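*Asks:* File name run.pdb; file contents PDB, C-alpha atoms; full text below.
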```
MODEL        1
ATOM      1  CA  PHE G   1      42.429   0.241 -11.270
ATOM      2  CA  ILE G   2      41.176  -3.316 -10.779
ATOM      3  CA  ILE G   3      41.285  -3.927 -14.549
ATOM      4  CA  ASN G   4      44.808  -2.653 -15.184
ATOM      5  CA  THR G   5      46.641  -4.008 -12.133
ATOM      6  CA  PRO G   6      47.081  -7.679 -11.135
ATOM      7  CA  LEU G   7      44.833  -8.609  -8.215
ATOM      8  CA  LYS G   8      47.593 -10.076  -6.046
ATOM      9  CA  THR G   9      49.731  -6.963  -6.405
ATOM     10  CA  LEU G  10      46.900  -4.457  -5.944
ATOM     11  CA  GLN G  11      45.102  -5.707  -2.797
ATOM     12  CA  PRO G  12      42.462  -2.906  -2.931
ATOM     13  CA  SER G  13      40.791  -1.524   0.143
ATOM     14  CA  PRO G  14      37.043  -2.227   0.562
ATOM     15  CA  TRP G  15      36.253   1.378  -0.369
ATOM     16  CA  GLN G  16      38.343   1.167  -3.531
ATOM     17  CA  ALA G  17      36.688  -2.086  -4.586
ATOM     18  CA  PHE G  18      33.252  -0.606  -3.953
ATOM     19  CA  THR G  19      33.877   2.643  -5.839
ATOM     20  CA  SER G  20      35.354   0.868  -8.868
ATOM     21  CA  VAL G  21      31.854  -0.020 -10.075
ATOM     22  CA  SER G  22      30.734   3.603  -9.678
ATOM     23  CA  TYR G  23      33.779   4.822 -11.638
ATOM     24  CA  ARG G  24      33.034   2.370 -14.432
ATOM     25  CA  ALA G  25      29.366   3.343 -14.657
ATOM     26  CA  GLU G  26      30.144   7.081 -14.805
ATOM     27  CA  SER G  27      32.921   6.521 -17.332
ATOM     28  CA  PHE G  28      30.596   4.469 -19.520
ATOM     29  CA  ARG G  29      27.962   7.233 -19.424
ATOM     30  CA  LEU G  30      30.490   9.894 -20.451
ATOM     31  CA  ARG G  31      31.870   7.756 -23.286
ATOM     32  CA  MET G  32      28.403   7.031 -24.666
ATOM     33  CA  SER G  33      27.520  10.740 -24.563
ATOM     34  CA  ALA G  34      30.757  11.626 -26.308
ATOM     35  CA  GLN G  35      30.205   9.079 -29.060
ATOM     36  CA  GLN G  36      26.753  10.517 -29.750
ATOM     37  CA  SER G  37      27.996  14.116 -29.866
ATOM     38  CA  GLY G  38      31.313  13.349 -31.598
ATOM     39  CA  GLU G  39      33.294  15.119 -28.857
ATOM     40  CA  GLU G  40      36.260  13.905 -26.861
ATOM     41  CA  VAL G  41      35.545  12.464 -23.415
ATOM     42  CA  LYS G  42      36.365  14.973 -20.701
ATOM     43  CA  ASN G  43      36.611  14.450 -16.938
ATOM     44  CA  ASP G  44      36.352  10.665 -17.265
ATOM     45  CA  PRO G  45      36.601   9.483 -13.619
ATOM     46  CA  PHE G  46      37.551   5.912 -14.488
ATOM     47  CA  LYS G  47      40.198   7.009 -16.995
ATOM     48  CA  ALA G  48      41.676   9.338 -14.379
ATOM     49  CA  VAL G  49      41.991   6.505 -11.892
ATOM     50  CA  THR G  50      43.425   4.014 -14.345
ATOM     51  CA  THR G  51      45.864   6.609 -15.717
ATOM     52  CA  SER G  52      47.246   7.367 -12.261
ATOM     53  CA  GLU G  53      47.666   3.677 -11.540
ATOM     54  CA  THR G  54      49.423   2.786 -14.785
ATOM     55  CA  SER G  55      51.533   5.888 -15.462
ATOM     56  CA  SER G  56      54.378   4.627 -13.311
ATOM     57  CA  HIS G  57      54.588   1.431 -15.339
ATOM     58  CA  SER G  58      54.205   2.915 -18.806
ATOM     59  CA  GLU G  59      57.855   4.061 -19.068
ATOM     60  CA  LYS G  60      59.281   0.731 -17.964
ATOM     61  CA  VAL G  61      56.998  -1.693 -19.800
ATOM     62  CA  PRO G  62      56.908  -1.439 -23.598
ATOM     63  CA  GLN G  63      53.452  -1.451 -25.197
ATOM     64  CA  ALA G  64      52.675  -4.579 -27.150
ATOM     65  CA  THR G  65      51.604  -3.953 -30.731
ATOM     66  CA  SER G  66      49.334  -5.953 -32.952
ATOM     67  CA  ALA G  67      49.593  -6.721 -36.607
ATOM     68  CA  SER G  68      47.623  -3.544 -37.339
ATOM     69  CA  GLY G  69      50.208  -1.450 -35.545
ATOM     70  CA  LYS G  70      47.961  -0.519 -32.604
ATOM     71  CA  SER G  71      49.059  -1.032 -29.027
ATOM     72  CA  GLY G  72      47.108  -3.213 -26.598
ATOM     73  CA  GLN G  73      45.858  -0.102 -24.785
ATOM     74  CA  GLN G  74      44.582   1.426 -28.022
ATOM     75  CA  GLN G  75      42.833  -1.828 -28.938
ATOM     76  CA  ALA G  76      41.137  -1.881 -25.495
ATOM     77  CA  GLU G  77      39.898   1.680 -26.019
ATOM     78  CA  ASP G  78      38.591   0.848 -29.481
ATOM     79  CA  GLU G  79      36.819  -2.286 -28.261
ATOM     80  CA  LYS G  80      33.056  -1.824 -27.849
ATOM     81  CA  VAL G  81      31.853  -3.018 -24.452
ATOM     82  CA  ASP G  82      28.225  -3.250 -23.361
ATOM     83  CA  PHE G  83      27.034  -1.518 -20.209
ATOM     84  CA  MET G  84      26.792  -4.620 -17.967
ATOM     85  CA  THR G  85      30.324  -5.742 -18.872
ATOM     86  CA  TYR G  86      31.693  -2.243 -18.369
ATOM     87  CA  VAL G  87      30.169  -1.981 -14.883
ATOM     88  CA  PHE G  88      30.589  -5.535 -13.544
ATOM     89  CA  GLY G  89      33.626  -6.573 -15.584
ATOM     90  CA  LYS G  90      34.319  -9.570 -17.742
ATOM     91  CA  PRO G  91      33.407 -13.120 -16.707
ATOM     92  CA  GLY G  92      35.036 -13.946 -13.398
ATOM     93  CA  GLU G  93      36.110 -10.373 -12.686
ATOM     94  CA  LEU G  94      33.241  -9.654 -10.289
ATOM     95  CA  ASP G  95      34.048 -12.807  -8.335
ATOM     96  CA  ARG G  96      37.665 -11.707  -8.007
ATOM     97  CA  ASP G  97      36.595  -8.276  -6.768
ATOM     98  CA  LEU G  98      34.250  -9.835  -4.210
ATOM     99  CA  ALA G  99      36.991 -12.222  -3.088
ATOM    100  CA  ALA G 100      39.239  -9.218  -2.461
ATOM    101  CA  LEU G 101      36.568  -7.957  -0.066
ATOM    102  CA  GLY G 102      36.469 -11.290   1.721
ATOM    103  CA  THR G 103      33.042 -12.267   0.403
ATOM    104  CA  SER G 104      31.516 -14.283  -2.413
ATOM    105  CA  ARG G 105      28.750 -14.011  -4.983
ATOM    106  CA  ARG G 106      26.524 -16.319  -2.912
ATOM    107  CA  ARG G 107      26.955 -14.264   0.246
ATOM    108  CA  PHE G 108      26.471 -11.042  -1.707
ATOM    109  CA  LEU G 109      23.171 -12.272  -3.166
ATOM    110  CA  SER G 110      22.005 -13.701   0.184
ATOM    111  CA  ILE G 111      22.581 -10.424   2.005
ATOM    112  CA  ASN G 112      20.781  -8.419  -0.654
ATOM    113  CA  ALA G 113      17.880 -10.902  -0.711
ATOM    114  CA  ALA G 114      17.571 -10.596   3.080
ATOM    115  CA  ALA G 115      17.637  -6.804   2.790
ATOM    116  CA  LEU G 116      14.879  -6.964   0.176
ATOM    117  CA  ILE G 117      12.709  -9.120   2.458
ATOM    118  CA  VAL G 118      13.229  -6.715   5.361
ATOM    119  CA  ALA G 119      12.369  -3.735   3.127
ATOM    120  CA  LEU G 120       9.154  -5.403   1.943
ATOM    121  CA  GLY G 121       8.192  -6.440   5.463
ATOM    122  CA  ALA G 122       8.773  -2.935   6.824
ATOM    123  CA  ASN G 123       7.077  -1.284   3.827
ATOM    124  CA  PHE G 124      10.267   0.754   3.421
ATOM    125  CA  LEU G 125       9.489   3.976   1.534
ATOM    126  CA  GLY G 126       6.049   2.485   0.781
ATOM    127  CA  VAL G 127       7.502  -0.124  -1.600
ATOM    128  CA  THR G 128       5.144  -2.902  -0.431
ATOM    129  CA  SER G 129       2.088  -0.696  -0.770
ATOM    130  CA  TYR G 130       3.266   0.358  -4.223
ATOM    131  CA  LEU G 131       3.688  -3.230  -5.420
ATOM    132  CA  LEU G 132       0.260  -4.215  -4.084
ATOM    133  CA  GLY G 133      -1.206  -1.183  -5.812
ATOM    134  CA  LEU G 134      -0.039  -2.491  -9.190
ATOM    135  CA  LEU G 135      -2.737  -5.172  -9.049
ATOM    136  CA  PRO G 136      -6.049  -4.246 -10.718
ATOM    137  CA  ASP G 137      -9.110  -3.057  -8.792
ATOM    138  CA  SER G 138      -8.768  -3.873  -5.082
ATOM    139  CA  LYS G 139      -6.874  -7.152  -5.503
ATOM    140  CA  GLY G 140      -3.929  -5.811  -3.534
ATOM    141  CA  LEU G 141      -6.104  -5.183  -0.477
ATOM    142  CA  GLU G 142      -7.620  -8.652  -0.701
ATOM    143  CA  LEU G 143      -4.235 -10.414  -0.679
ATOM    144  CA  LEU G 144      -3.444  -9.423   2.908
ATOM    145  CA  PRO G 145      -5.352 -10.085   6.137
ATOM    146  CA  ALA G 146      -7.499  -7.089   7.009
ATOM    147  CA  GLU G 147      -5.436  -6.408  10.147
ATOM    148  CA  LEU G 148      -2.256  -5.951   8.093
ATOM    149  CA  THR G 149      -3.713  -3.428   5.661
ATOM    150  CA  GLY G 150      -3.356  -0.798   8.367
ATOM    151  CA  PHE G 151       0.421  -1.234   7.967
ATOM    152  CA  TYR G 152       0.301  -1.821   4.198
ATOM    153  CA  PRO G 153      -2.365   0.522   2.804
ATOM    154  CA  VAL G 154      -2.977   0.200  -0.904
ATOM    155  CA  LYS G 155      -3.526   3.380  -2.906
ATOM    156  CA  GLY G 156      -4.577   5.192   0.273
ATOM    157  CA  TRP G 157      -7.086   2.548   1.446
ATOM    158  CA  LYS G 158      -7.252  -0.148   4.114
ATOM    159  CA  ARG G 159      -9.732  -2.841   5.131
ATOM    160  CA  TYR G 160     -11.605  -3.051   8.431
ATOM    161  CA  ARG G 161     -12.974  -6.368   9.685
ATOM    162  CA  GLY G 162     -15.282  -6.542  12.697
ATOM    163  CA  GLU G 163     -16.298  -9.515  14.826
ATOM    164  CA  SER G 164     -14.979 -11.811  12.085
ATOM    165  CA  ALA G 165     -18.390 -11.278  10.515
ATOM    166  CA  PHE G 166     -18.210  -8.229   8.250
ATOM    167  CA  GLU G 167     -15.697  -5.983   6.564
ATOM    168  CA  PHE G 168     -15.455  -2.802   4.517
ATOM    169  CA  GLN G 169     -12.798  -0.451   3.167
ATOM    170  CA  VAL G 170     -11.972   2.975   4.562
ATOM    171  CA  PRO G 171      -9.461   5.702   3.674
ATOM    172  CA  GLN G 172      -6.013   5.115   5.099
ATOM    173  CA  GLY G 173      -6.121   8.013   7.544
ATOM    174  CA  TRP G 174      -9.448   7.167   9.189
ATOM    175  CA  LEU G 175      -9.289   6.134  12.844
ATOM    176  CA  GLN G 176     -11.551   4.086  15.107
ATOM    177  CA  ASP G 177     -13.847   5.843  17.532
ATOM    178  CA  GLN G 178     -12.148   5.291  20.878
ATOM    179  CA  ALA G 179     -15.362   5.227  22.916
ATOM    180  CA  VAL G 180     -16.891   2.512  20.733
ATOM    181  CA  MET G 181     -13.657   0.538  20.645
ATOM    182  CA  PHE G 182     -13.199   0.534  24.438
ATOM    183  CA  ALA G 183     -16.868  -0.260  25.051
ATOM    184  CA  ASN G 184     -16.633  -3.307  22.784
ATOM    185  CA  ALA G 185     -13.300  -4.395  24.278
ATOM    186  CA  ALA G 186     -14.710  -4.373  27.821
ATOM    187  CA  GLY G 187     -16.842  -7.438  28.489
ATOM    188  CA  PRO G 188     -19.789  -7.547  30.907
ATOM    189  CA  ALA G 189     -17.485  -8.698  33.700
ATOM    190  CA  ASP G 190     -15.371  -5.554  33.295
ATOM    191  CA  ARG G 191     -18.293  -3.171  33.828
ATOM    192  CA  MET G 192     -19.678  -2.049  37.153
ATOM    193  CA  PRO G 193     -23.121  -3.675  37.481
ATOM    194  CA  THR G 194     -26.021  -1.340  38.202
ATOM    195  CA  MET G 195     -29.610  -1.970  39.201
ATOM    196  CA  SER G 196     -30.838  -1.020  35.725
ATOM    197  CA  MET G 197     -28.369  -3.424  34.123
ATOM    198  CA  ARG G 198     -29.641  -6.254  36.312
ATOM    199  CA  LYS G 199     -33.239  -5.579  35.402
ATOM    200  CA  ARG G 200     -33.001  -5.267  31.631
ATOM    201  CA  ALA G 201     -31.956  -7.979  29.210
ATOM    202  CA  ALA G 202     -28.944  -7.889  26.910
ATOM    203  CA  PRO G 203     -29.131  -5.020  24.386
ATOM    204  CA  GLN G 204     -30.735  -5.933  21.084
ATOM    205  CA  VAL G 205     -28.989  -3.134  19.177
ATOM    206  CA  LYS G 206     -25.278  -2.370  19.514
ATOM    207  CA  THR G 207     -22.744  -0.225  17.659
ATOM    208  CA  VAL G 208     -19.847  -2.532  16.874
ATOM    209  CA  ALA G 209     -17.676  -0.260  14.710
ATOM    210  CA  ALA G 210     -17.204   3.449  14.092
ATOM    211  CA  LEU G 211     -14.448   5.184  12.136
ATOM    212  CA  GLY G 212     -13.843   8.664  10.813
ATOM    213  CA  PRO G 213     -11.227  11.225   9.831
ATOM    214  CA  PRO G 214      -8.743  12.228  12.550
ATOM    215  CA  GLN G 215      -9.843  15.272  14.552
ATOM    216  CA  GLY G 216     -13.241  15.076  12.879
ATOM    217  CA  ASP G 217     -16.496  16.470  14.241
ATOM    218  CA  PHE G 218     -18.529  13.245  13.724
ATOM    219  CA  LYS G 219     -20.373  14.791  10.779
ATOM    220  CA  GLU G 220     -18.363  12.531   8.463
ATOM    221  CA  ASN G 221     -17.996   8.933   9.580
ATOM    222  CA  VAL G 222     -18.958   5.310   9.018
ATOM    223  CA  SER G 223     -20.546   3.060  11.620
ATOM    224  CA  VAL G 224     -21.893  -0.473  11.838
ATOM    225  CA  VAL G 225     -24.796  -1.454  14.086
ATOM    226  CA  LYS G 226     -25.625  -5.040  15.016
ATOM    227  CA  SER G 227     -29.228  -5.995  15.747
ATOM    228  CA  LYS G 228     -30.602  -9.284  17.062
ATOM    229  CA  ILE G 229     -33.372 -10.738  14.883
ATOM    230  CA  HIS G 230     -35.185 -14.057  14.811
ATOM    231  CA  SER G 231     -33.426 -17.030  13.285
ATOM    232  CA  GLY G 232     -34.139 -17.641   9.640
ATOM    233  CA  PHE G 233     -34.721 -13.962   8.860
ATOM    234  CA  THR G 234     -33.805 -12.797   5.348
ATOM    235  CA  LEU G 235     -33.895  -9.395   3.715
ATOM    236  CA  LYS G 236     -36.669 -10.631   1.444
ATOM    237  CA  ALA G 237     -38.960 -10.494   4.469
ATOM    238  CA  LEU G 238     -38.637  -6.692   4.376
ATOM    239  CA  GLY G 239     -39.806  -6.557   0.768
ATOM    240  CA  ASP G 240     -37.925  -5.140  -2.181
ATOM    241  CA  PRO G 241     -35.022  -2.727  -1.514
ATOM    242  CA  THR G 242     -37.075   0.439  -2.013
ATOM    243  CA  THR G 243     -39.888  -0.737   0.299
ATOM    244  CA  ALA G 244     -37.425  -1.913   2.939
ATOM    245  CA  ALA G 245     -35.451   1.330   2.833
ATOM    246  CA  GLN G 246     -38.552   3.516   3.138
ATOM    247  CA  ARG G 247     -39.804   1.464   6.071
ATOM    248  CA  LEU G 248     -36.448   1.862   7.806
ATOM    249  CA  LEU G 249     -36.508   5.632   7.298
ATOM    250  CA  ASP G 250     -40.069   5.973   8.627
ATOM    251  CA  THR G 251     -39.653   3.753  11.698
ATOM    252  CA  ALA G 252     -36.019   3.953  12.812
ATOM    253  CA  ILE G 253     -34.092   6.791  11.201
ATOM    254  CA  ALA G 254     -36.642   9.613  10.987
ATOM    255  CA  PRO G 255     -39.884   8.674  12.751
ATOM    256  CA  PRO G 256     -42.564  11.391  12.883
ATOM    257  CA  SER G 257     -41.838  12.266  16.535
ATOM    258  CA  SER G 258     -38.101  12.806  15.963
ATOM    259  CA  GLY G 259     -38.369  16.119  14.130
ATOM    260  CA  LYS G 260     -36.166  14.750  11.355
ATOM    261  CA  LYS G 261     -37.106  14.689   7.705
ATOM    262  CA  ALA G 262     -35.709  11.893   5.517
ATOM    263  CA  THR G 263     -35.817  11.643   1.719
ATOM    264  CA  LEU G 264     -34.977   8.396  -0.064
ATOM    265  CA  LEU G 265     -32.912   8.873  -3.239
ATOM    266  CA  GLN G 266     -32.298   5.334  -4.463
ATOM    267  CA  ALA G 267     -32.175   1.704  -3.340
ATOM    268  CA  PHE G 268     -30.942  -1.562  -4.849
ATOM    269  CA  ALA G 269     -29.892  -5.107  -3.924
ATOM    270  CA  GLU G 270     -26.842  -7.113  -4.930
ATOM    271  CA  GLN G 271     -24.829 -10.186  -3.976
ATOM    272  CA  ARG G 272     -21.473  -9.482  -2.333
ATOM    273  CA  GLY G 273     -18.738 -11.804  -1.173
ATOM    274  CA  ALA G 274     -17.876 -15.362  -2.097
ATOM    275  CA  ALA G 275     -20.396 -17.020   0.229
ATOM    276  CA  ALA G 276     -23.785 -17.864  -1.246
ATOM    277  CA  GLY G 277     -26.737 -15.848   0.019
ATOM    278  CA  ASN G 278     -24.714 -12.773   0.999
ATOM    279  CA  GLU G 279     -27.339 -10.333  -0.239
ATOM    280  CA  VAL G 280     -26.973  -6.650   0.593
ATOM    281  CA  TYR G 281     -29.621  -3.934   0.410
ATOM    282  CA  GLN G 282     -28.013  -0.534  -0.228
ATOM    283  CA  PHE G 283     -29.901   2.753  -0.194
ATOM    284  CA  GLU G 284     -29.026   6.440  -0.356
ATOM    285  CA  TYR G 285     -30.976   9.119   1.460
ATOM    286  CA  ILE G 286     -30.854  12.647   2.893
ATOM    287  CA  VAL G 287     -31.793  13.537   6.470
ATOM    288  CA  LYS G 288     -32.535  17.076   7.619
ATOM    289  CA  LEU G 289     -32.075  17.504  11.367
ATOM    290  CA  PRO G 290     -34.105  19.850  13.582
ATOM    291  CA  THR G 291     -30.988  22.004  13.951
ATOM    292  CA  GLY G 292     -31.057  22.719  10.208
ATOM    293  CA  LEU G 293     -28.050  20.533   9.382
ATOM    294  CA  THR G 294     -28.584  18.287   6.347
ATOM    295  CA  LEU G 295     -26.668  15.003   6.125
ATOM    296  CA  HIS G 296     -26.192  12.847   3.051
ATOM    297  CA  ASN G 297     -26.176   9.132   3.918
ATOM    298  CA  ILE G 298     -25.621   5.735   2.334
ATOM    299  CA  GLY G 299     -26.858   2.683   4.186
ATOM    300  CA  ALA G 300     -26.142  -1.002   3.559
ATOM    301  CA  VAL G 301     -27.743  -3.898   5.437
ATOM    302  CA  SER G 302     -27.197  -7.648   5.397
ATOM    303  CA  ALA G 303     -28.387 -10.479   7.641
ATOM    304  CA  ARG G 304     -27.003 -13.832   8.756
ATOM    305  CA  GLU G 305     -27.882 -16.363  11.478
ATOM    306  CA  GLY G 306     -30.199 -14.161  13.527
ATOM    307  CA  THR G 307     -28.094 -10.986  13.251
ATOM    308  CA  LEU G 308     -28.690  -7.920  11.098
ATOM    309  CA  TYR G 309     -25.656  -5.747  10.306
ATOM    310  CA  SER G 310     -26.331  -2.177   9.171
ATOM    311  CA  LEU G 311     -23.603   0.112   7.829
ATOM    312  CA  THR G 312     -24.118   3.863   7.508
ATOM    313  CA  VAL G 313     -21.636   6.307   5.993
ATOM    314  CA  LEU G 314     -22.454  10.011   5.970
ATOM    315  CA  ALA G 315     -21.206  13.549   5.399
ATOM    316  CA  PRO G 316     -22.748  17.032   5.388
ATOM    317  CA  GLU G 317     -24.787  17.710   2.257
ATOM    318  CA  ASP G 318     -22.708  20.767   1.348
ATOM    319  CA  GLN G 319     -19.569  18.583   1.290
ATOM    320  CA  TRP G 320     -21.071  15.580  -0.464
ATOM    321  CA  GLU G 321     -19.966  16.357  -4.017
ATOM    322  CA  ALA G 322     -16.326  16.583  -2.957
ATOM    323  CA  LYS G 323     -16.420  13.378  -0.898
ATOM    324  CA  LYS G 324     -19.059  11.195  -2.508
ATOM    325  CA  GLU G 325     -16.635   9.060  -4.527
ATOM    326  CA  SER G 326     -14.736   7.826  -1.463
ATOM    327  CA  LEU G 327     -17.873   7.478   0.687
ATOM    328  CA  GLN G 328     -19.623   5.495  -2.030
ATOM    329  CA  ARG G 329     -16.632   3.164  -2.120
ATOM    330  CA  VAL G 330     -16.916   2.603   1.642
ATOM    331  CA  ALA G 331     -20.557   1.578   1.325
ATOM    332  CA  LYS G 332     -19.949  -0.473  -1.805
ATOM    333  CA  SER G 333     -17.230  -2.515  -0.071
ATOM    334  CA  PHE G 334     -19.446  -3.579   2.857
ATOM    335  CA  LYS G 335     -20.072  -7.328   2.970
ATOM    336  CA  LEU G 336     -20.388 -10.270   5.350
ATOM    337  CA  VAL G 337     -17.442 -12.675   5.557
TER     338      VAL G 337
ENDMDL
END
```
Could the structure of this file be written out as structure tokens, please?

*Replies:*
Amino acid sequence: FIINTPLKTLQPSPWQAFTSVSYRAESFRLRMSAQQSGEEVKNDPFKAVTTSETSSHSEKVPQATSASGKSGQQQAEDEKVDFMTYVFGKPGELDRDLAALGTSRRRFLSINAAALIVALGANFLGVTSYLLGLLPDSKGLELLPAELTGFYPVKGWKRYRGESAFEFQVPQGWLQDQAVMFANAAGPADRMPTMSMRKRAAPQVKTVAALGPPQGDFKENVSVVKSKIHSGFTLKALGDPTTAAQRLLDTAIAPPSSGKKATLLQAFAEQRGAAAGNEVYQFEYIVKLPTGLTLHNIGAVSAREGTLYSLTVLAPEDQWEAKKESLQRVAKSFKLV
């Protein structure tokens, strides 16, 4: 109706101006389908609208004819129009339609650009996560601060950063252990001092992070322990990765008096992170508890400036095959920052 009637005479309502584009798009689809099948266009919504608008004028206004004997209306129907022109009109026609609505092309584009920014910021329908997931490997996770990846997970993963010293990736649904989180959030001044606290020095070993699946039973989780060591310590002082891992199993994880039995499966060293000297020892082992439960573990350790950070991710042995790919990724992503 906008095409066939002068703009000043028509004065369309906002709803009419809005639906004109939809009518054109549907009409174009039906015409293209009809041309391919060789059938006549039926139920053309745009033709129905334009016919109703122009029927009252057709008897009074004679149809202009061309040299070929065809009327102007027949020439318009025979003219081939591309999809964009059919939907948005000829040059200047969209601007006239927008002016009828009391707006302009600039305002139209500005509003839609603002809506796009809001949609990306709110991760509307997961669009931001989807766009970040188009980047190869884990580049999408690295683009954002670790704190924001909880709101913009990428392919079901987010990053966790602790004490501005280390970070690793975890599945999107994993949650922090509330007891560990509250204990770390409360400083010494917030705790009730006891006689034992006054007598002993500051703890040399502390759990600084713990995460796991929601409503889990702690048999599947990841944790990071911070240990104070002498300044200048390096992992090389522990020996090669296999020697260091076996020593850790024998003295800390499964000492003879604990009743646990640990078996080392593999160990290796590699550089991680952009900073020089960020060496990580990673080792995989199985621990059988006195209760009969067998846990499959992956440990990763790294040291810096008198502090040793140790990550451990684990799951029951009978569930390892189903979960090992994601748990291996957690351990592989551990690094100092």

*Asks:* Between G:Gly150, G:Gly232, G:Pro241, G:Pro256, which one has atoms that come closest to Arg304 of chain G, using all atoms listed in the file?

*Replies:*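 Looking at the shortest contact to Arg304 of chain G, the residue is G:Gly232.
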
*Asks:* Please report the interatomic distance between atom CA of Ala262 of chain G and atom CA of Tyr285 of chain G in Å with one decimal.

*Replies:* 6.8 Å

*Asks:* For the point (-15.1, -1.5, -2.9) in file coordinates, what residues are within 9 Å, counting all atoms listed in the file? Give the answer as a ChimeraX atom specification?

*Replies:* /G:137-138,168-169,328-334

*Asks:* From the options G:Asp240, G:Glu325, G:Glu270, G:Glu93, which residue's atoms come nearest to Ala300 of chain G, counting all atoms listed in the file?

*Replies:*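 The shortest atom-to-atom distance to Ala300 of chain G comes from G:Glu270.
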
*Asks:* Using the chain letters and numbers from the file, give me the residues hit by the PyMOL selection byres ((chain G and resi 140) around 12), as a list of chain:residue names.

*Replies:*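 Listing what the PyMOL selection byres ((chain G and resi 140) around 12) selects in the shown file: G:Thr128, G:Ser129, G:Tyr130, G:Leu131, G:Leu132, G:Gly133, G:Leu134, G:Leu135, G:Pro136, G:Asp137, G:Ser138, G:Lys139, G:Leu141, G:Glu142, G:Leu143, G:Leu144, G:Pro145, G:Ala146, G:Leu148, G:Thr149, G:Tyr152, G:Pro153, G:Val154, G:Lys155, G:Gly156, G:Trp157, G:Lys158, G:Arg159.
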
*Asks:* What's the 12 Å shell around segment 106-119 of chain G, counting all atoms listed in the file, without same-chain residues fewer than 6 positions away, as a ChimeraX atom specification?

*Replies:* /G:94-95,97-99,125-129

*Asks:* Rounded to one decimal place, report the atom CA of Trp320 of chain G-atom CA of Lys206 of chain G distance in Å.

*Replies:*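 Distance reported for this atom pair: 27.2 Å.
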
*Asks:* Could you tell me, as a list in words, exactly which residues end up selected when the PyMOL selection byres ((chain G and resi 212-218) around 8) is applied to this structure?

*Replies:*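 Listing what the PyMOL selection byres ((chain G and resi 212-218) around 8) selects in the shown file: Gly173, Trp174, Leu175, Gln176, Asp177, Ala210, Leu211, Lys219, Glu220, Asn221 and Val222 of chain G.
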
*Asks:* So which one's closest to Lys228 of chain G, G:Glu305, G:Glu284, G:Glu147, G:Glu317? Using all atoms listed in the file, please.

*Replies:*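 Closest to Lys228 of chain G, using all atoms listed in the file: G:Glu305.
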
*Asks:* Go ahead and compute the interatomic distance for atom CA of Gln246 of chain G and atom CA of Phe166 of chain G, in Å to one decimal.

*Replies:* 24.0 Å

*Asks:* Give me segment 87-96 of chain G with N, CA, C and O atoms filled in, as a compact mmCIF listing (two decimals), in the frame of the given file.

*Replies:*
```
# COMPACT_ATOMS: atom_id res chain seq x y z
N VAL G 87 30.39 -2.23 -16.31
CA VAL G 87 30.17 -1.98 -14.88
C VAL G 87 30.66 -3.14 -14.03
O VAL G 87 31.38 -2.96 -13.05
N PHE G 88 30.30 -4.38 -14.39
CA PHE G 88 30.59 -5.54 -13.54
C PHE G 88 31.83 -6.31 -13.99
O PHE G 88 32.24 -7.25 -13.33
N GLY G 89 32.42 -5.91 -15.13
CA GLY G 89 33.63 -6.57 -15.58
C GLY G 89 33.35 -7.79 -16.44
O GLY G 89 32.21 -8.20 -16.65
N LYS G 90 34.42 -8.38 -16.92
CA LYS G 90 34.32 -9.57 -17.74
C LYS G 90 34.04 -10.79 -16.87
O LYS G 90 34.12 -10.71 -15.65
N PRO G 91 33.71 -11.92 -17.50
CA PRO G 91 33.41 -13.12 -16.71
C PRO G 91 34.52 -13.44 -15.71
O PRO G 91 35.69 -13.51 -16.05
N GLY G 92 34.09 -13.62 -14.46
CA GLY G 92 35.04 -13.95 -13.40
C GLY G 92 35.61 -12.75 -12.69
O GLY G 92 36.17 -12.86 -11.59
N GLU G 93 35.51 -11.56 -13.29
CA GLU G 93 36.11 -10.37 -12.69
C GLU G 93 35.35 -9.93 -11.44
O GLU G 93 35.97 -9.51 -10.45
N LEU G 94 34.02 -10.02 -11.47
CA LEU G 94 33.24 -9.65 -10.29
C LEU G 94 33.55 -10.58 -9.13
O LEU G 94 33.68 -10.13 -7.98
N ASP G 95 33.71 -11.87 -9.41
CA ASP G 95 34.05 -12.81 -8.34
C ASP G 95 35.40 -12.49 -7.73
O ASP G 95 35.60 -12.60 -6.51
N ARG G 96 36.35 -12.07 -8.55
CA ARG G 96 37.66 -11.71 -8.01
C ARG G 96 37.57 -10.45 -7.15
O ARG G 96 38.22 -10.35 -6.09
```
